[in-house]
Amino acid sequence: MDLKRKLGCLHAHYSNIDYIEKALSSYDIELIHFVDPALMHRVTFDKTFKAADAQNKVKQQIEWIAQCNVDAILITCTNYIAVLQEEELSTSIPIYKIDEPYFEIISNIKQPQTILFTNPATVNGTMERLNQYASKHKKTLNIDVIVIDNTFELIMKGLKQEYDREISKYLSKIIKRDKIISVAQLSMVDAAKEVEYMTSNPIINPLDTLISSVVSQLKIDKITGGI
C-alpha cells in the first residue's frame, strides 16, 4: 500500500510547477499539479469578469482537486487565495495558502519594509489578507507596496527570462543593505534569489517560508539516499 503523502497544487501558471517541484524534491511526497492560467488572465484583464465568477471558479477547482485522493491542497497563486471563499467549500481537506507563512514572517518585522508585486490585480486582496493577519496577531505593519509595472504580462505570455530580467533590474535599483524587501508572488522568486546572491542582501520570498510550513504540517520526511 502506498503511504506516500499526496499534495494537490493549484497554480495560475505553468512556471510555478518547477518552483514547487524543486523545493520539495528532497522530500518523500507526491505532487499532483493543476494549472489554470485562464482564470488569472480574466481576473487581471477582463473587466466584465465579476468577483463572484472568480470565487465560483476557484471553488470548483478546489473541490475537483479534493476528489483526486490528495492529503492536502496547496494554492500557489495569491489572487486565487484572495477570492477563495473557504466557508463555502464542501471539502474538509487541509488547504495551504502560499502567503500565510510569508505573512507570519512579514508581520514580525517591526522596521519599515517594502513588498513588491508584478500583478496589480493581486495587490488589494493580498494586502487585505496581510492586514487581517497582522490585526488578528496584534502586529503593527509599516509597509510600502510597489508594483513593478508592465511586467506581469510577460510571464502570462510565457516570457519568463524577460520577466525575471525586469524584476532583477528593478530589485537591483532599489536594494540597499539597510532596507527590508520582499517579493509577494511565487513567480518572482527566481529573480529575487538571483539579486540576493549577487548583492548579498536578503530578499524575503513566499517559497522559502512555505516549504518549512508544508513539511511540518504534512509531517513528511526527507528522502534517504541509497537502497
# chains A, B, ... in the order shown; residues from 1 in each chain; ligands from 1
>>> residues_around(residues="range 103-114 of chain A", least_positions_apart="2", cutoff="7 Å", atoms="only C-alpha atoms", output="list in words")
Asp99, Glu100, Pro101, Leu116, Leu130, Ala134, Lys139, Leu141, Asn142, Ile143, Asp144, Val145, Lys179, Ile180, Ile181 and Ser182 of chain A
>>> residues_around(residues="Leu3 in chain A", least_positions_apart="3", cutoff="12 Å", atoms="only C-alpha atoms", output="short mmCIF file (atom, residue, chain, number, x, y, z; two decimals) with all heavy atoms, in the first residue's frame")
data_model
loop_
_atom_site.label_atom_id
_atom_site.label_comp_id
_atom_site.auth_asym_id
_atom_site.auth_seq_id
_atom_site.Cartn_x
_atom_site.Cartn_y
_atom_site.Cartn_z
N LYS A 6 0.19 12.80 -0.62
CA LYS A 6 -0.07 13.43 -1.91
C LYS A 6 -0.54 14.86 -1.68
O LYS A 6 -1.44 15.11 -0.89
CB LYS A 6 -1.15 12.65 -2.67
CG LYS A 6 -0.74 11.26 -3.13
CD LYS A 6 -1.86 10.62 -3.95
CE LYS A 6 -1.45 9.26 -4.50
NZ LYS A 6 -1.33 8.26 -3.43
N ASP A 28 9.79 13.06 0.71
CA ASP A 28 9.01 11.89 0.31
C ASP A 28 7.54 12.28 0.15
O ASP A 28 6.72 12.04 1.04
CB ASP A 28 9.18 10.78 1.36
CG ASP A 28 8.61 9.45 0.87
OD1 ASP A 28 8.54 9.25 -0.36
OD2 ASP A 28 8.24 8.62 1.71
N ILE A 29 7.22 12.89 -0.97
CA ILE A 29 5.86 13.38 -1.22
C ILE A 29 5.57 13.32 -2.71
O ILE A 29 6.46 13.52 -3.55
CB ILE A 29 5.70 14.83 -0.68
CG1 ILE A 29 4.24 15.28 -0.79
CG2 ILE A 29 6.63 15.80 -1.39
CD1 ILE A 29 3.94 16.58 -0.09
N GLU A 30 4.32 13.04 -3.05
CA GLU A 30 3.89 13.04 -4.45
C GLU A 30 3.13 14.34 -4.72
O GLU A 30 2.20 14.69 -3.99
CB GLU A 30 2.99 11.84 -4.74
CG GLU A 30 2.52 11.78 -6.19
CD GLU A 30 1.58 10.60 -6.46
OE1 GLU A 30 1.56 9.65 -5.66
OE2 GLU A 30 0.87 10.66 -7.49
N ASN A 69 -8.00 12.23 -4.41
CA ASN A 69 -7.31 11.42 -3.40
C ASN A 69 -6.01 12.08 -2.90
O ASN A 69 -4.98 11.42 -2.77
CB ASN A 69 -7.03 10.02 -3.96
CG ASN A 69 -6.66 9.02 -2.87
OD1 ASN A 69 -7.12 9.16 -1.73
ND2 ASN A 69 -5.84 8.05 -3.20
N VAL A 70 -6.08 13.38 -2.63
CA VAL A 70 -4.91 14.08 -2.10
C VAL A 70 -5.08 14.27 -0.58
O VAL A 70 -6.19 14.27 -0.07
CB VAL A 70 -4.71 15.46 -2.78
CG1 VAL A 70 -4.38 15.29 -4.26
CG2 VAL A 70 -5.92 16.36 -2.60
N ASP A 71 -3.94 14.41 0.10
CA ASP A 71 -3.97 14.62 1.56
C ASP A 71 -4.14 16.09 1.92
O ASP A 71 -4.60 16.41 3.02
CB ASP A 71 -2.67 14.09 2.18
CG ASP A 71 -2.54 12.58 2.03
OD1 ASP A 71 -3.34 11.86 2.65
OD2 ASP A 71 -1.68 12.14 1.24
N ILE A 220 6.12 15.23 6.57
CA ILE A 220 6.84 14.45 5.56
C ILE A 220 8.33 14.42 5.87
O ILE A 220 8.87 15.37 6.45
CB ILE A 220 6.59 14.98 4.13
CG1 ILE A 220 6.90 16.48 4.03
CG2 ILE A 220 5.17 14.70 3.68
CD1 ILE A 220 6.78 17.05 2.63
#
>>> residues_around(residues="range 72-88 of chain A", least_positions_apart="4", cutoff="9 Å", atoms="only C-alpha atoms", output="PDB file with N, CA and C atoms, in the first residue's frame")
ATOM      1  N   ARG A   5       2.518  10.647   1.053  1.00  0.00           N
ATOM      2  CA  ARG A   5       1.566  11.761   1.098  1.00  0.00           C
ATOM      3  C   ARG A   5       1.417  12.379  -0.290  1.00  0.00           C
ATOM      4  N   LYS A   6       0.194  12.796  -0.616  1.00  0.00           N
ATOM      5  CA  LYS A   6      -0.073  13.426  -1.908  1.00  0.00           C
ATOM      6  C   LYS A   6      -0.535  14.864  -1.681  1.00  0.00           C
ATOM      7  N   LEU A   7       0.100  15.770  -2.399  1.00  0.00           N
ATOM      8  CA  LEU A   7      -0.240  17.182  -2.300  1.00  0.00           C
ATOM      9  C   LEU A   7      -0.731  17.673  -3.659  1.00  0.00           C
ATOM     10  N   GLY A   8      -1.980  18.139  -3.699  1.00  0.00           N
ATOM     11  CA  GLY A   8      -2.520  18.716  -4.930  1.00  0.00           C
ATOM     12  C   GLY A   8      -2.174  20.194  -4.975  1.00  0.00           C
ATOM     13  N   CYS A   9      -1.548  20.625  -6.063  1.00  0.00           N
ATOM     14  CA  CYS A   9      -1.084  22.007  -6.167  1.00  0.00           C
ATOM     15  C   CYS A   9      -1.857  22.757  -7.248  1.00  0.00           C
ATOM     16  N   LEU A  10      -2.474  23.866  -6.888  1.00  0.00           N
ATOM     17  CA  LEU A  10      -3.225  24.681  -7.841  1.00  0.00           C
ATOM     18  C   LEU A  10      -2.412  25.922  -8.192  1.00  0.00           C
ATOM     19  N   HIS A  11      -2.102  26.044  -9.485  1.00  0.00           N
ATOM     20  CA  HIS A  11      -1.275  27.155  -9.970  1.00  0.00           C
ATOM     21  C   HIS A  11      -2.036  28.002 -10.985  1.00  0.00           C
ATOM     22  N   ALA A  12      -1.635  29.260 -11.096  1.00  0.00           N
ATOM     23  CA  ALA A  12      -2.197  30.133 -12.123  1.00  0.00           C
ATOM     24  C   ALA A  12      -1.352  30.095 -13.393  1.00  0.00           C
ATOM     25  N   HIS A  13      -0.131  29.552 -13.271  1.00  0.00           N
ATOM     26  CA  HIS A  13       0.737  29.493 -14.451  1.00  0.00           C
ATOM     27  C   HIS A  13       1.672  28.295 -14.351  1.00  0.00           C
ATOM     28  N   ASN A  16       5.053  28.006 -12.274  1.00  0.00           N
ATOM     29  CA  ASN A  16       5.083  27.794 -10.822  1.00  0.00           C
ATOM     30  C   ASN A  16       5.320  26.333 -10.436  1.00  0.00           C
ATOM     31  N   ILE A  20       7.828  24.570  -7.050  1.00  0.00           N
ATOM     32  CA  ILE A  20       7.377  23.634  -6.013  1.00  0.00           C
ATOM     33  C   ILE A  20       8.072  22.287  -6.141  1.00  0.00           C
ATOM     34  N   LEU A  39      -8.086  31.684 -15.682  1.00  0.00           N
ATOM     35  CA  LEU A  39      -8.753  32.416 -14.595  1.00  0.00           C
ATOM     36  C   LEU A  39      -7.964  33.675 -14.238  1.00  0.00           C
ATOM     37  N   MET A  40      -6.644  33.514 -14.101  1.00  0.00           N
ATOM     38  CA  MET A  40      -5.795  34.648 -13.762  1.00  0.00           C
ATOM     39  C   MET A  40      -5.872  35.717 -14.841  1.00  0.00           C
ATOM     40  N   VAL A  43      -9.275  37.513 -14.480  1.00  0.00           N
ATOM     41  CA  VAL A  43      -9.295  38.366 -13.286  1.00  0.00           C
ATOM     42  C   VAL A  43      -8.477  39.638 -13.520  1.00  0.00           C
ATOM     43  N   ALA A  51     -16.231  39.347  -9.417  1.00  0.00           N
ATOM     44  CA  ALA A  51     -15.609  38.642  -8.283  1.00  0.00           C
ATOM     45  C   ALA A  51     -16.348  37.336  -7.990  1.00  0.00           C
ATOM     46  N   ALA A  52     -17.667  37.356  -8.106  1.00  0.00           N
ATOM     47  CA  ALA A  52     -18.460  36.146  -7.840  1.00  0.00           C
ATOM     48  C   ALA A  52     -18.130  35.033  -8.828  1.00  0.00           C
ATOM     49  N   ALA A  54     -15.187  34.601 -10.292  1.00  0.00           N
ATOM     50  CA  ALA A  54     -13.873  34.092  -9.898  1.00  0.00           C
ATOM     51  C   ALA A  54     -13.989  33.182  -8.677  1.00  0.00           C
ATOM     52  N   GLN A  55     -14.797  33.592  -7.705  1.00  0.00           N
ATOM     53  CA  GLN A  55     -14.995  32.788  -6.489  1.00  0.00           C
ATOM     54  C   GLN A  55     -15.587  31.419  -6.818  1.00  0.00           C
ATOM     55  N   ASN A  56     -16.550  31.414  -7.713  1.00  0.00           N
ATOM     56  CA  ASN A  56     -17.194  30.167  -8.109  1.00  0.00           C
ATOM     57  C   ASN A  56     -16.220  29.237  -8.826  1.00  0.00           C
ATOM     58  N   VAL A  58     -12.861  29.173  -8.560  1.00  0.00           N
ATOM     59  CA  VAL A  58     -11.870  28.651  -7.614  1.00  0.00           C
ATOM     60  C   VAL A  58     -12.497  27.553  -6.746  1.00  0.00           C
ATOM     61  N   LYS A  59     -13.733  27.754  -6.334  1.00  0.00           N
ATOM     62  CA  LYS A  59     -14.452  26.738  -5.549  1.00  0.00           C
ATOM     63  C   LYS A  59     -14.538  25.425  -6.325  1.00  0.00           C
ATOM     64  N   ILE A  62     -10.981  23.760  -6.473  1.00  0.00           N
ATOM     65  CA  ILE A  62     -10.584  23.159  -5.195  1.00  0.00           C
ATOM     66  C   ILE A  62     -11.331  21.847  -4.960  1.00  0.00           C
ATOM     67  N   ILE A  65      -9.961  19.090  -7.216  1.00  0.00           N
ATOM     68  CA  ILE A  65      -8.674  18.583  -6.718  1.00  0.00           C
ATOM     69  C   ILE A  65      -8.892  17.687  -5.499  1.00  0.00           C
ATOM     70  N   ALA A  66      -9.821  18.091  -4.638  1.00  0.00           N
ATOM     71  CA  ALA A  66     -10.103  17.321  -3.413  1.00  0.00           C
ATOM     72  C   ALA A  66     -10.573  15.907  -3.726  1.00  0.00           C
ATOM     73  N   ILE A  93     -10.592  18.811   3.416  1.00  0.00           N
ATOM     74  CA  ILE A  93      -9.161  18.587   3.195  1.00  0.00           C
ATOM     75  C   ILE A  93      -8.385  19.875   3.529  1.00  0.00           C
ATOM     76  N   PRO A  94      -7.259  19.763   4.229  1.00  0.00           N
ATOM     77  CA  PRO A  94      -6.472  20.963   4.571  1.00  0.00           C
ATOM     78  C   PRO A  94      -6.048  21.729   3.320  1.00  0.00           C
ATOM     79  N   ILE A  95      -6.153  23.040   3.380  1.00  0.00           N
ATOM     80  CA  ILE A  95      -5.734  23.896   2.269  1.00  0.00           C
ATOM     81  C   ILE A  95      -4.604  24.792   2.753  1.00  0.00           C
ATOM     82  N   TYR A  96      -3.446  24.665   2.095  1.00  0.00           N
ATOM     83  CA  TYR A  96      -2.299  25.500   2.438  1.00  0.00           C
ATOM     84  C   TYR A  96      -2.222  26.651   1.438  1.00  0.00           C
ATOM     85  N   LYS A  97      -2.095  27.852   1.966  1.00  0.00           N
ATOM     86  CA  LYS A  97      -2.025  29.045   1.120  1.00  0.00           C
ATOM     87  C   LYS A  97      -0.589  29.563   1.157  1.00  0.00           C
ATOM     88  N   ILE A  98      -0.039  29.783  -0.010  1.00  0.00           N
ATOM     89  CA  ILE A  98       1.383  30.132  -0.094  1.00  0.00           C
ATOM     90  C   ILE A  98       1.741  31.377   0.702  1.00  0.00           C
ATOM     91  N   ASP A  99       0.782  32.284   0.880  1.00  0.00           N
ATOM     92  CA  ASP A  99       1.148  33.548   1.526  1.00  0.00           C
ATOM     93  C   ASP A  99       1.030  33.552   3.047  1.00  0.00           C
ATOM     94  N   ALA A 121      -3.527  43.205 -10.033  1.00  0.00           N
ATOM     95  CA  ALA A 121      -4.804  42.613  -9.601  1.00  0.00           C
ATOM     96  C   ALA A 121      -4.662  41.806  -8.312  1.00  0.00           C
ATOM     97  N   THR A 122      -3.438  41.499  -7.934  1.00  0.00           N
ATOM     98  CA  THR A 122      -3.183  40.702  -6.732  1.00  0.00           C
ATOM     99  C   THR A 122      -3.025  41.566  -5.477  1.00  0.00           C
ATOM    100  N   VAL A 123      -2.677  42.823  -5.661  1.00  0.00           N
ATOM    101  CA  VAL A 123      -2.260  43.671  -4.543  1.00  0.00           C
ATOM    102  C   VAL A 123      -3.334  43.831  -3.466  1.00  0.00           C
ATOM    103  N   ASN A 124      -4.523  44.286  -3.863  1.00  0.00           N
ATOM    104  CA  ASN A 124      -5.557  44.588  -2.864  1.00  0.00           C
ATOM    105  C   ASN A 124      -5.933  43.373  -2.025  1.00  0.00           C
ATOM    106  N   GLY A 125      -6.167  42.240  -2.690  1.00  0.00           N
ATOM    107  CA  GLY A 125      -6.560  41.027  -1.977  1.00  0.00           C
ATOM    108  C   GLY A 125      -5.481  40.538  -1.029  1.00  0.00           C
ATOM    109  N   THR A 126      -4.224  40.582  -1.496  1.00  0.00           N
ATOM    110  CA  THR A 126      -3.100  40.121  -0.661  1.00  0.00           C
ATOM    111  C   THR A 126      -2.897  41.044   0.541  1.00  0.00           C
ATOM    112  N   GLU A 128      -5.031  43.071   1.906  1.00  0.00           N
ATOM    113  CA  GLU A 128      -6.175  42.965   2.809  1.00  0.00           C
ATOM    114  C   GLU A 128      -6.008  41.763   3.729  1.00  0.00           C
ATOM    115  N   ARG A 129      -5.576  40.636   3.170  1.00  0.00           N
ATOM    116  CA  ARG A 129      -5.365  39.430   3.970  1.00  0.00           C
ATOM    117  C   ARG A 129      -4.189  39.605   4.930  1.00  0.00           C
ATOM    118  N   ALA A 184       6.135  39.282  -3.231  1.00  0.00           N
ATOM    119  CA  ALA A 184       4.904  38.660  -2.742  1.00  0.00           C
ATOM    120  C   ALA A 184       4.425  37.479  -3.586  1.00  0.00           C
ATOM    121  N   GLN A 185       4.924  37.380  -4.823  1.00  0.00           N
ATOM    122  CA  GLN A 185       4.422  36.350  -5.732  1.00  0.00           C
ATOM    123  C   GLN A 185       5.467  35.272  -5.995  1.00  0.00           C
ATOM    124  N   LEU A 186       5.000  34.033  -6.130  1.00  0.00           N
ATOM    125  CA  LEU A 186       5.898  32.904  -6.391  1.00  0.00           C
ATOM    126  C   LEU A 186       6.679  33.104  -7.681  1.00  0.00           C
ATOM    127  N   VAL A 214       4.831  23.497   4.983  1.00  0.00           N
ATOM    128  CA  VAL A 214       4.230  22.290   4.390  1.00  0.00           C
ATOM    129  C   VAL A 214       4.847  21.028   4.983  1.00  0.00           C
ATOM    130  N   LEU A 218       2.412  18.533   7.023  1.00  0.00           N
ATOM    131  CA  LEU A 218       2.136  17.214   6.423  1.00  0.00           C
ATOM    132  C   LEU A 218       2.974  16.102   7.055  1.00  0.00           C
TER     133      LEU A 218
END
>>> select_by_dssp(residues="range 2-161 of chain A", states="strand (DSSP E)", output="PyMOL selection string")
chain A and resi 5-11+29-35+72-75+95-97+113-117+143-147
>>> write_last_selection(atoms="N, CA and C atoms", output="PDB file, in the first residue's frame")
ATOM      1  N   ARG A   5       2.518  10.647   1.053  1.00  0.00           N
ATOM      2  CA  ARG A   5       1.566  11.761   1.098  1.00  0.00           C
ATOM      3  C   ARG A   5       1.417  12.379  -0.290  1.00  0.00           C
ATOM      4  N   LYS A   6       0.194  12.796  -0.616  1.00  0.00           N
ATOM      5  CA  LYS A   6      -0.073  13.426  -1.908  1.00  0.00           C
ATOM      6  C   LYS A   6      -0.535  14.864  -1.681  1.00  0.00           C
ATOM      7  N   LEU A   7       0.100  15.770  -2.399  1.00  0.00           N
ATOM      8  CA  LEU A   7      -0.240  17.182  -2.300  1.00  0.00           C
ATOM      9  C   LEU A   7      -0.731  17.673  -3.659  1.00  0.00           C
ATOM     10  N   GLY A   8      -1.980  18.139  -3.699  1.00  0.00           N
ATOM     11  CA  GLY A   8      -2.520  18.716  -4.930  1.00  0.00           C
ATOM     12  C   GLY A   8      -2.174  20.194  -4.975  1.00  0.00           C
ATOM     13  N   CYS A   9      -1.548  20.625  -6.063  1.00  0.00           N
ATOM     14  CA  CYS A   9      -1.084  22.007  -6.167  1.00  0.00           C
ATOM     15  C   CYS A   9      -1.857  22.757  -7.248  1.00  0.00           C
ATOM     16  N   LEU A  10      -2.474  23.866  -6.888  1.00  0.00           N
ATOM     17  CA  LEU A  10      -3.225  24.681  -7.841  1.00  0.00           C
ATOM     18  C   LEU A  10      -2.412  25.922  -8.192  1.00  0.00           C
ATOM     19  N   HIS A  11      -2.102  26.044  -9.485  1.00  0.00           N
ATOM     20  CA  HIS A  11      -1.275  27.155  -9.970  1.00  0.00           C
ATOM     21  C   HIS A  11      -2.036  28.002 -10.985  1.00  0.00           C
ATOM     22  N   ILE A  29       7.224  12.894  -0.975  1.00  0.00           N
ATOM     23  CA  ILE A  29       5.863  13.378  -1.220  1.00  0.00           C
ATOM     24  C   ILE A  29       5.566  13.317  -2.713  1.00  0.00           C
ATOM     25  N   GLU A  30       4.324  13.039  -3.046  1.00  0.00           N
ATOM     26  CA  GLU A  30       3.892  13.043  -4.447  1.00  0.00           C
ATOM     27  C   GLU A  30       3.131  14.340  -4.719  1.00  0.00           C
ATOM     28  N   LEU A  31       3.536  15.037  -5.773  1.00  0.00           N
ATOM     29  CA  LEU A  31       2.898  16.295  -6.135  1.00  0.00           C
ATOM     30  C   LEU A  31       2.029  16.104  -7.373  1.00  0.00           C
ATOM     31  N   ILE A  32       0.788  16.552  -7.296  1.00  0.00           N
ATOM     32  CA  ILE A  32      -0.119  16.494  -8.437  1.00  0.00           C
ATOM     33  C   ILE A  32      -0.495  17.934  -8.774  1.00  0.00           C
ATOM     34  N   HIS A  33      -0.163  18.349  -9.997  1.00  0.00           N
ATOM     35  CA  HIS A  33      -0.310  19.765 -10.356  1.00  0.00           C
ATOM     36  C   HIS A  33      -1.555  20.032 -11.204  1.00  0.00           C
ATOM     37  N   PHE A  34      -2.221  21.134 -10.898  1.00  0.00           N
ATOM     38  CA  PHE A  34      -3.385  21.599 -11.643  1.00  0.00           C
ATOM     39  C   PHE A  34      -3.125  23.059 -12.009  1.00  0.00           C
ATOM     40  N   VAL A  35      -3.239  23.376 -13.300  1.00  0.00           N
ATOM     41  CA  VAL A  35      -2.893  24.716 -13.768  1.00  0.00           C
ATOM     42  C   VAL A  35      -4.044  25.324 -14.557  1.00  0.00           C
ATOM     43  N   ALA A  72      -3.744  16.956   1.012  1.00  0.00           N
ATOM     44  CA  ALA A  72      -3.862  18.395   1.236  1.00  0.00           C
ATOM     45  C   ALA A  72      -3.790  19.104  -0.105  1.00  0.00           C
ATOM     46  N   ILE A  73      -4.192  20.372  -0.102  1.00  0.00           N
ATOM     47  CA  ILE A  73      -4.154  21.190  -1.323  1.00  0.00           C
ATOM     48  C   ILE A  73      -3.311  22.429  -1.051  1.00  0.00           C
ATOM     49  N   LEU A  74      -2.436  22.732  -1.995  1.00  0.00           N
ATOM     50  CA  LEU A  74      -1.612  23.939  -1.905  1.00  0.00           C
ATOM     51  C   LEU A  74      -2.038  24.906  -3.015  1.00  0.00           C
ATOM     52  N   ILE A  75      -2.356  26.144  -2.645  1.00  0.00           N
ATOM     53  CA  ILE A  75      -2.668  27.172  -3.646  1.00  0.00           C
ATOM     54  C   ILE A  75      -1.467  28.110  -3.735  1.00  0.00           C
ATOM     55  N   ILE A  95      -6.153  23.040   3.380  1.00  0.00           N
ATOM     56  CA  ILE A  95      -5.734  23.896   2.269  1.00  0.00           C
ATOM     57  C   ILE A  95      -4.604  24.792   2.753  1.00  0.00           C
ATOM     58  N   TYR A  96      -3.446  24.665   2.095  1.00  0.00           N
ATOM     59  CA  TYR A  96      -2.299  25.500   2.438  1.00  0.00           C
ATOM     60  C   TYR A  96      -2.222  26.651   1.438  1.00  0.00           C
ATOM     61  N   LYS A  97      -2.095  27.852   1.966  1.00  0.00           N
ATOM     62  CA  LYS A  97      -2.025  29.045   1.120  1.00  0.00           C
ATOM     63  C   LYS A  97      -0.589  29.563   1.157  1.00  0.00           C
ATOM     64  N   GLN A 113       9.388  48.300   5.757  1.00  0.00           N
ATOM     65  CA  GLN A 113       9.722  47.298   4.748  1.00  0.00           C
ATOM     66  C   GLN A 113       8.975  47.582   3.451  1.00  0.00           C
ATOM     67  N   THR A 114       9.466  46.980   2.373  1.00  0.00           N
ATOM     68  CA  THR A 114       8.857  47.155   1.053  1.00  0.00           C
ATOM     69  C   THR A 114       8.461  45.795   0.502  1.00  0.00           C
ATOM     70  N   ILE A 115       7.218  45.706   0.009  1.00  0.00           N
ATOM     71  CA  ILE A 115       6.735  44.475  -0.629  1.00  0.00           C
ATOM     72  C   ILE A 115       6.515  44.768  -2.109  1.00  0.00           C
ATOM     73  N   LEU A 116       7.077  43.907  -2.957  1.00  0.00           N
ATOM     74  CA  LEU A 116       6.971  44.091  -4.401  1.00  0.00           C
ATOM     75  C   LEU A 116       6.002  43.101  -5.033  1.00  0.00           C
ATOM     76  N   PHE A 117       5.239  43.591  -5.989  1.00  0.00           N
ATOM     77  CA  PHE A 117       4.329  42.785  -6.802  1.00  0.00           C
ATOM     78  C   PHE A 117       4.609  43.064  -8.280  1.00  0.00           C
ATOM     79  N   ILE A 143       4.572  49.237   5.962  1.00  0.00           N
ATOM     80  CA  ILE A 143       4.862  48.642   4.657  1.00  0.00           C
ATOM     81  C   ILE A 143       4.621  49.602   3.507  1.00  0.00           C
ATOM     82  N   ASP A 144       5.589  49.627   2.594  1.00  0.00           N
ATOM     83  CA  ASP A 144       5.456  50.355   1.344  1.00  0.00           C
ATOM     84  C   ASP A 144       5.235  49.307   0.241  1.00  0.00           C
ATOM     85  N   VAL A 145       4.164  49.449  -0.512  1.00  0.00           N
ATOM     86  CA  VAL A 145       3.842  48.487  -1.575  1.00  0.00           C
ATOM     87  C   VAL A 145       4.229  49.070  -2.930  1.00  0.00           C
ATOM     88  N   ILE A 146       4.976  48.287  -3.709  1.00  0.00           N
ATOM     89  CA  ILE A 146       5.383  48.719  -5.048  1.00  0.00           C
ATOM     90  C   ILE A 146       4.964  47.662  -6.070  1.00  0.00           C
ATOM     91  N   VAL A 147       4.352  48.123  -7.154  1.00  0.00           N
ATOM     92  CA  VAL A 147       4.042  47.239  -8.281  1.00  0.00           C
ATOM     93  C   VAL A 147       5.036  47.550  -9.398  1.00  0.00           C
TER      94      VAL A 147
END
>>> select_by_dssp(residues="range 44-173 of chain A", states="helix (DSSP H, G or I)", output="count of residues only")
72
>>> residues_around(residues="Val183 in chain A", least_positions_apart="5", cutoff="8 Å", atoms="only C-alpha atoms", output="PyMOL selection string")
chain A and resi 115-117+188-189+192+203-206
>>> atom_distance(atom1="CA of Ile211 in chain A", atom2="CA of Tyr14 in chain A")
18.7 Å
>>> atom_distance(atom1="CA of Ala23 in chain A", atom2="CA of Asp149 in chain A")
28.1 Å
>>> atom_distance(atom1="CA of Glu21 in chain A", atom2="CA of Asn150 in chain A")
27.9 Å
>>> residues_around(residues="Ile155 in chain A", least_positions_apart="6", cutoff="9 Å", atoms="only C-alpha atoms", output="list in words")
His13, Ser15, Gln161, Glu162, Tyr163, Asp164 and Ser187 of chain A
